[in-house]
Structures are given as C-alpha cells and as structure tokens.
>>> print(open('protein-v3.tsv').read())   # TSV, C-alpha atoms
chain	number	residue	atom	x	y	z
A	1	GLY	CA	7.63	19.73	0.75
A	2	GLY	CA	7.11	16.51	2.59
A	3	ASN	CA	9.31	14.86	5.18
A	4	ILE	CA	10.68	11.53	4.07
A	5	GLU	CA	11.31	10.15	7.55
A	6	ALA	CA	7.85	11.20	8.76
A	7	GLY	CA	6.43	9.63	5.61
A	8	LYS	CA	8.12	6.34	6.35
A	9	VAL	CA	6.54	6.30	9.81
A	10	ALA	CA	3.12	7.29	8.42
A	11	ALA	CA	3.22	4.68	5.64
A	12	ALA	CA	3.87	2.04	8.28
A	13	LYS	CA	1.15	3.41	10.58
A	14	PHE	CA	-1.47	3.27	7.81
A	15	ASN	CA	-0.34	-0.19	6.68
A	16	CYS	CA	0.23	0.78	3.05
A	17	ALA	CA	2.48	-2.24	2.59
A	18	SER	CA	-0.29	-4.64	3.56
A	19	CYS	CA	-1.62	-4.19	0.01
A	20	HIS	CA	1.22	-2.52	-1.87
A	21	GLY	CA	3.69	-5.10	-0.68
A	22	ALA	CA	7.32	-5.34	0.24
A	23	ASN	CA	9.23	-2.15	-0.48
A	24	TYR	CA	5.90	-0.75	-1.73
A	25	SER	CA	6.90	-2.38	-4.99
A	26	GLU	CA	5.44	-5.89	-4.80
A	27	PRO	CA	1.65	-5.52	-4.44
A	28	ILE	CA	-0.21	-8.51	-3.06
A	29	ASP	CA	-2.59	-8.37	-6.03
A	30	PRO	CA	-1.77	-7.41	-9.60
A	31	SER	CA	-4.69	-4.99	-9.65
A	32	TYR	CA	-2.85	-2.84	-7.07
A	33	PRO	CA	-0.14	-0.44	-8.22
A	34	LYS	CA	3.55	-0.42	-7.43
A	35	LEU	CA	4.34	2.80	-5.61
A	36	ALA	CA	8.08	2.90	-5.01
A	37	GLY	CA	9.77	5.48	-7.21
A	38	GLN	CA	6.54	6.94	-8.52
A	39	HIS	CA	6.56	10.74	-8.79
A	40	LYS	CA	5.69	12.49	-5.55
A	41	ASP	CA	3.36	15.02	-7.20
A	42	TYR	CA	1.39	12.22	-8.84
A	43	LEU	CA	1.06	10.34	-5.56
A	44	VAL	CA	-0.18	13.49	-3.78
A	45	GLN	CA	-2.73	14.05	-6.52
A	46	ALA	CA	-3.90	10.44	-6.47
A	47	LEU	CA	-4.40	10.44	-2.69
A	48	LYS	CA	-6.29	13.74	-2.79
A	49	SER	CA	-8.44	12.36	-5.61
A	50	TYR	CA	-9.36	9.37	-3.45
A	51	GLN	CA	-10.23	11.76	-0.60
A	52	ARG	CA	-12.67	13.52	-2.94
A	53	GLY	CA	-14.17	10.25	-4.15
A	54	ALA	CA	-16.48	10.17	-7.17
A	55	VAL	CA	-17.14	13.89	-7.33
A	56	GLY	CA	-15.67	16.89	-9.06
A	57	THR	CA	-13.30	16.93	-11.96
A	58	SER	CA	-10.49	14.89	-10.51
A	59	GLY	CA	-12.05	12.41	-8.12
A	60	ARG	CA	-11.32	8.72	-7.77
A	61	SER	CA	-13.69	6.20	-6.31
A	62	ASN	CA	-12.37	3.04	-4.71
A	63	ALA	CA	-13.71	1.49	-1.53
A	64	ILE	CA	-10.34	0.69	0.02
A	65	MET	CA	-8.42	3.76	-1.06
A	66	GLU	CA	-11.19	6.23	-0.21
A	67	THR	CA	-11.22	4.91	3.35
A	68	GLN	CA	-7.44	5.00	3.55
A	69	ALA	CA	-7.07	8.47	2.04
A	70	LYS	CA	-9.77	10.04	4.18
A	71	ALA	CA	-7.81	9.05	7.28
A	72	LEU	CA	-4.81	11.07	6.10
A	73	SER	CA	-4.01	14.68	6.94
A	74	ASN	CA	-2.52	16.91	4.27
A	75	ALA	CA	0.82	16.54	6.03
A	76	ASP	CA	0.48	12.74	5.97
A	77	ILE	CA	-0.15	12.90	2.21
A	78	GLU	CA	2.87	15.10	1.56
A	79	ASN	CA	5.12	13.01	3.79
A	80	ILE	CA	4.01	9.59	2.55
A	81	SER	CA	4.30	10.72	-1.07
A	82	ALA	CA	7.76	12.14	-0.48
A	83	TYR	CA	8.82	8.90	1.16
A	84	LEU	CA	7.48	6.63	-1.61
A	85	ALA	CA	9.04	8.81	-4.30
A	86	SER	CA	12.35	8.68	-2.47
A	87	LEU	CA	12.47	4.90	-2.85
A	88	LYS	CA	14.04	5.43	-6.25
A	89	GLY	CA	16.93	3.27	-5.12
A	90	SER	CA	14.83	0.20	-5.71
A	91	LEU	CA	13.57	1.27	-9.12
A	92	VAL	CA	16.44	2.03	-11.45
A	93	LEU	CA	16.22	2.74	-15.13
A	94	LYS	CA	18.35	0.20	-16.96
A	95	LYS	CA	19.66	2.05	-20.02
B	96	GLY	CA	-4.76	-11.66	-22.41
B	97	GLY	CA	-3.44	-8.72	-24.34
B	98	ASN	CA	-1.07	-8.62	-27.26
B	99	ILE	CA	2.19	-6.86	-26.47
B	100	GLU	CA	3.06	-5.97	-30.06
B	101	ALA	CA	-0.43	-4.64	-30.76
B	102	GLY	CA	-0.20	-2.69	-27.53
B	103	LYS	CA	3.04	-1.08	-28.62
B	104	VAL	CA	1.37	0.08	-31.83
B	105	ALA	CA	-1.72	1.32	-29.97
B	106	ALA	CA	0.30	3.18	-27.34
B	107	ALA	CA	2.07	5.01	-30.16
B	108	LYS	CA	-1.18	5.68	-32.01
B	109	PHE	CA	-2.79	7.24	-28.95
B	110	ASN	CA	0.34	9.25	-28.12
B	111	CYS	CA	0.66	7.96	-24.56
B	112	ALA	CA	4.33	8.98	-24.53
B	113	SER	CA	3.48	12.61	-25.22
B	114	CYS	CA	2.64	12.89	-21.53
B	115	HIS	CA	4.09	9.75	-19.96
B	116	GLY	CA	7.45	10.35	-21.60
B	117	ALA	CA	10.31	8.36	-22.99
B	118	ASN	CA	9.95	4.64	-22.37
B	119	TYR	CA	6.67	5.50	-20.63
B	120	SER	CA	8.86	6.04	-17.60
B	121	GLU	CA	9.82	9.71	-17.74
B	122	PRO	CA	6.57	11.73	-17.60
B	123	ILE	CA	6.77	15.30	-18.84
B	124	ASP	CA	5.19	16.52	-15.60
B	125	PRO	CA	5.72	15.09	-12.11
B	126	SER	CA	1.96	14.93	-11.61
B	127	TYR	CA	1.77	12.24	-14.30
B	128	PRO	CA	2.58	8.62	-13.42
B	129	LYS	CA	5.35	6.41	-14.67
B	130	LEU	CA	3.78	3.45	-16.44
B	131	ALA	CA	6.58	1.12	-17.52
B	132	GLY	CA	6.62	-2.04	-15.46
B	133	GLN	CA	3.37	-1.30	-13.66
B	134	HIS	CA	1.10	-4.33	-13.23
B	135	LYS	CA	-1.07	-5.04	-16.25
B	136	ASP	CA	-4.22	-5.69	-14.19
B	137	TYR	CA	-3.83	-2.36	-12.43
B	138	LEU	CA	-3.38	-0.51	-15.73
B	139	VAL	CA	-6.50	-2.18	-17.18
B	140	GLN	CA	-8.49	-1.20	-14.12
B	141	ALA	CA	-7.19	2.39	-14.17
B	142	LEU	CA	-8.09	2.85	-17.85
B	143	LYS	CA	-11.56	1.40	-17.35
B	144	SER	CA	-12.05	3.67	-14.34
B	145	TYR	CA	-11.21	6.69	-16.51
B	146	GLN	CA	-13.72	5.47	-19.09
B	147	ARG	CA	-16.41	5.44	-16.39
B	148	GLY	CA	-15.44	8.89	-15.14
B	149	ALA	CA	-16.81	10.22	-11.87
B	150	VAL	CA	-19.57	7.68	-11.43
B	151	GLY	CA	-20.01	4.32	-9.79
B	152	THR	CA	-17.80	2.74	-7.21
B	153	SER	CA	-14.54	2.69	-9.11
B	154	GLY	CA	-14.56	5.72	-11.38
B	155	ARG	CA	-11.79	8.20	-12.00
B	156	SER	CA	-12.32	11.70	-13.26
B	157	ASN	CA	-9.56	13.48	-15.15
B	158	ALA	CA	-10.07	15.67	-18.19
B	159	ILE	CA	-7.16	14.33	-20.19
B	160	MET	CA	-7.39	10.68	-19.25
B	161	GLU	CA	-11.16	10.44	-19.60
B	162	THR	CA	-10.86	11.64	-23.19
B	163	GLN	CA	-7.96	9.31	-23.86
B	164	ALA	CA	-9.58	6.27	-22.27
B	165	LYS	CA	-12.93	6.76	-23.97
B	166	ALA	CA	-11.20	6.49	-27.34
B	167	LEU	CA	-9.93	3.01	-26.46
B	168	SER	CA	-11.60	-0.30	-27.24
B	169	ASN	CA	-11.46	-3.10	-24.70
B	170	ALA	CA	-8.84	-4.75	-26.89
B	171	ASP	CA	-6.79	-1.54	-26.95
B	172	ILE	CA	-6.89	-1.45	-23.15
B	173	GLU	CA	-5.79	-5.06	-22.82
B	174	ASN	CA	-3.04	-4.66	-25.39
B	175	ILE	CA	-1.66	-1.33	-24.17
B	176	SER	CA	-1.67	-2.59	-20.57
B	177	ALA	CA	0.11	-5.79	-21.56
B	178	TYR	CA	2.70	-3.78	-23.46
B	179	LEU	CA	3.38	-1.30	-20.64
B	180	ALA	CA	3.64	-4.10	-18.08
B	181	SER	CA	6.08	-5.94	-20.35
B	182	LEU	CA	8.52	-3.02	-20.15
B	183	LYS	CA	9.86	-4.56	-16.97
B	184	GLY	CA	13.29	-4.65	-18.52
B	185	SER	CA	13.65	-0.95	-17.88
B	186	LEU	CA	12.47	-1.15	-14.29
B	187	VAL	CA	14.58	-3.51	-12.26
B	188	LEU	CA	14.36	-4.10	-8.57
B	189	LYS	CA	17.73	-3.36	-7.01
B	190	LYS	CA	18.04	-5.75	-4.08
>>> encode(input="protein-v3.tsv", output="structure tokens")
Amino acid sequence: GGNIEAGKVAAAKFNCASCHGANYSEPIDPSYPKLAGQHKDYLVQALKSYQRGAVGTSGRSNAIMETQAKALSNADIENISAYLASLKGSLVLKK
Amino acid sequence: GGNIEAGKVAAAKFNCASCHGANYSEPIDPSYPKLAGQHKDYLVQALKSYQRGAVGTSGRSNAIMETQAKALSNADIENISAYLASLKGSLVLKK
C-alpha cells in the first residue's frame, strides 16, 4: 500500500526535508539519516516506533521524531514511506 | 574517529550482513534498513540507542538489535559505523 504522489505531498507538508535534506538524501546534520531509497517497510516501522516512543518492545524515543510521527495518520505513514522508498532513482547500487 | 578496517572485521564478527544483506545494502527483509553509505554519526547514535533500549530520551527497543548492540564496545560501534559509512562507493547519488 501507500500512494507515492500523496506521500510526496505529505512529506512536503510535514517538512521532512528541513532536516533530512535535499532529495531526502542530504541530511543537514550527520546524526540524521538519509531516507531516499530506504525500504518502505522499514520506514513504516521506524515511524510507528517513534509514535510509540520509549514504551513496548519496539519503541523509539527522540524528541523531534516523536513529535513529527505523532502528527501523522496511518495513511500519512504509508504514503510518505512509499514515496521515500520510491526515490531509488537517486540511490543506485554501483556494481 | 573509528577505524574502517577494524570496523569491517567487527561487522563480519557480529554477522551484521546476516540480516542487513550483501554489501550491507540488500537486507534480507524489507523491514530491515540498508546501512551502506548511511552517515556515521547517525549509525553511532542508532547503535547507542539500541544499547539503552526503551528508556531515556533517545532509546530504541528492538529484540534483535538490543541484543546485538549490547554485545558491542564503544570502539566496536565507532569502527563499525565508520566502516558502513565508508561504503559510499556502492551508493552514489544520481544527479
């Protein structure tokens, strides 16, 4: 699932690039991850973990990302993750 | 900091590729992240968050990664992260 075009709009709306950088691949700080081309399922799981915060068996605690993730609907998470994963064009495996 | 060659040895010793796949860029499951070319500082922070688990303000809880991370020394974390970040050659930005 996940709608790539809707994800592009949502990623812009929630200002993901303000930290994760141009093409979601050039973070403004090296402690922030590159997202473009990452697996969609992993991105969904990471965002849901930030929603849970520091509880349960798969939570993640981070002041910025908890606030960001809690603002997202499940559809937003699916769409944004599908969009970021689709940016494979900018991350190619050089064999 | 971080020694790339020592990190290569440590990443092999701790079997990171058994989940994160060939070249640390082809995870065996789409819910696992690609690591090659990710920022070193982010990788260090992620591993330390897994060591902390679901506590504090920057913990991460995950059964597999908590066990993995807790087996690592600080030097292992620096070295493995430096090594994985150095694998930029396999992740090129297509402009």
>>> closest_residue(input="protein-v3.tsv", among="A:Ile4, A:Ala22, A:Ala71, A:Ala11", to="chain B", atoms="only C-alpha atoms")
A:Ala22
>>> interface_residues(input="protein-v3.tsv", of="chain A", to="chain B", cutoff="10 Å", atoms="only C-alpha atoms", output="JSON, numbers by chain")
{"A": [23, 25, 26, 27, 29, 30, 31, 32, 33, 34, 35, 37, 38, 39, 40, 41, 42, 43, 44, 45, 46, 49, 50, 53, 54, 55, 56, 57, 58, 59, 60, 61, 62, 63, 88, 89, 90, 91, 92, 93, 94, 95]}
>>> atom_distance(input="protein-v3.tsv", atom1="CA of Tyr119 in chain B", atom2="CA of Ala180 in chain B")
10.4 Å
>>> atom_distance(input="protein-v3.tsv", atom1="CA of Tyr178 in chain B", atom2="CA of Ala101 in chain B")
8.0 Å
>>> residues_around(input="protein-v3.tsv", residues="Leu167 in chain B", least_positions_apart="5", cutoff="12 Å", atoms="all atoms listed in the file", output="VMD selection string")
chain B and resid 102 105 to 106 108 to 109 111 139 142 to 143 145 to 146 160 to 162 172 to 176
>>> atom_distance(input="protein-v3.tsv", atom1="CA of Leu182 in chain B", atom2="CA of Glu100 in chain B")
11.7 Å
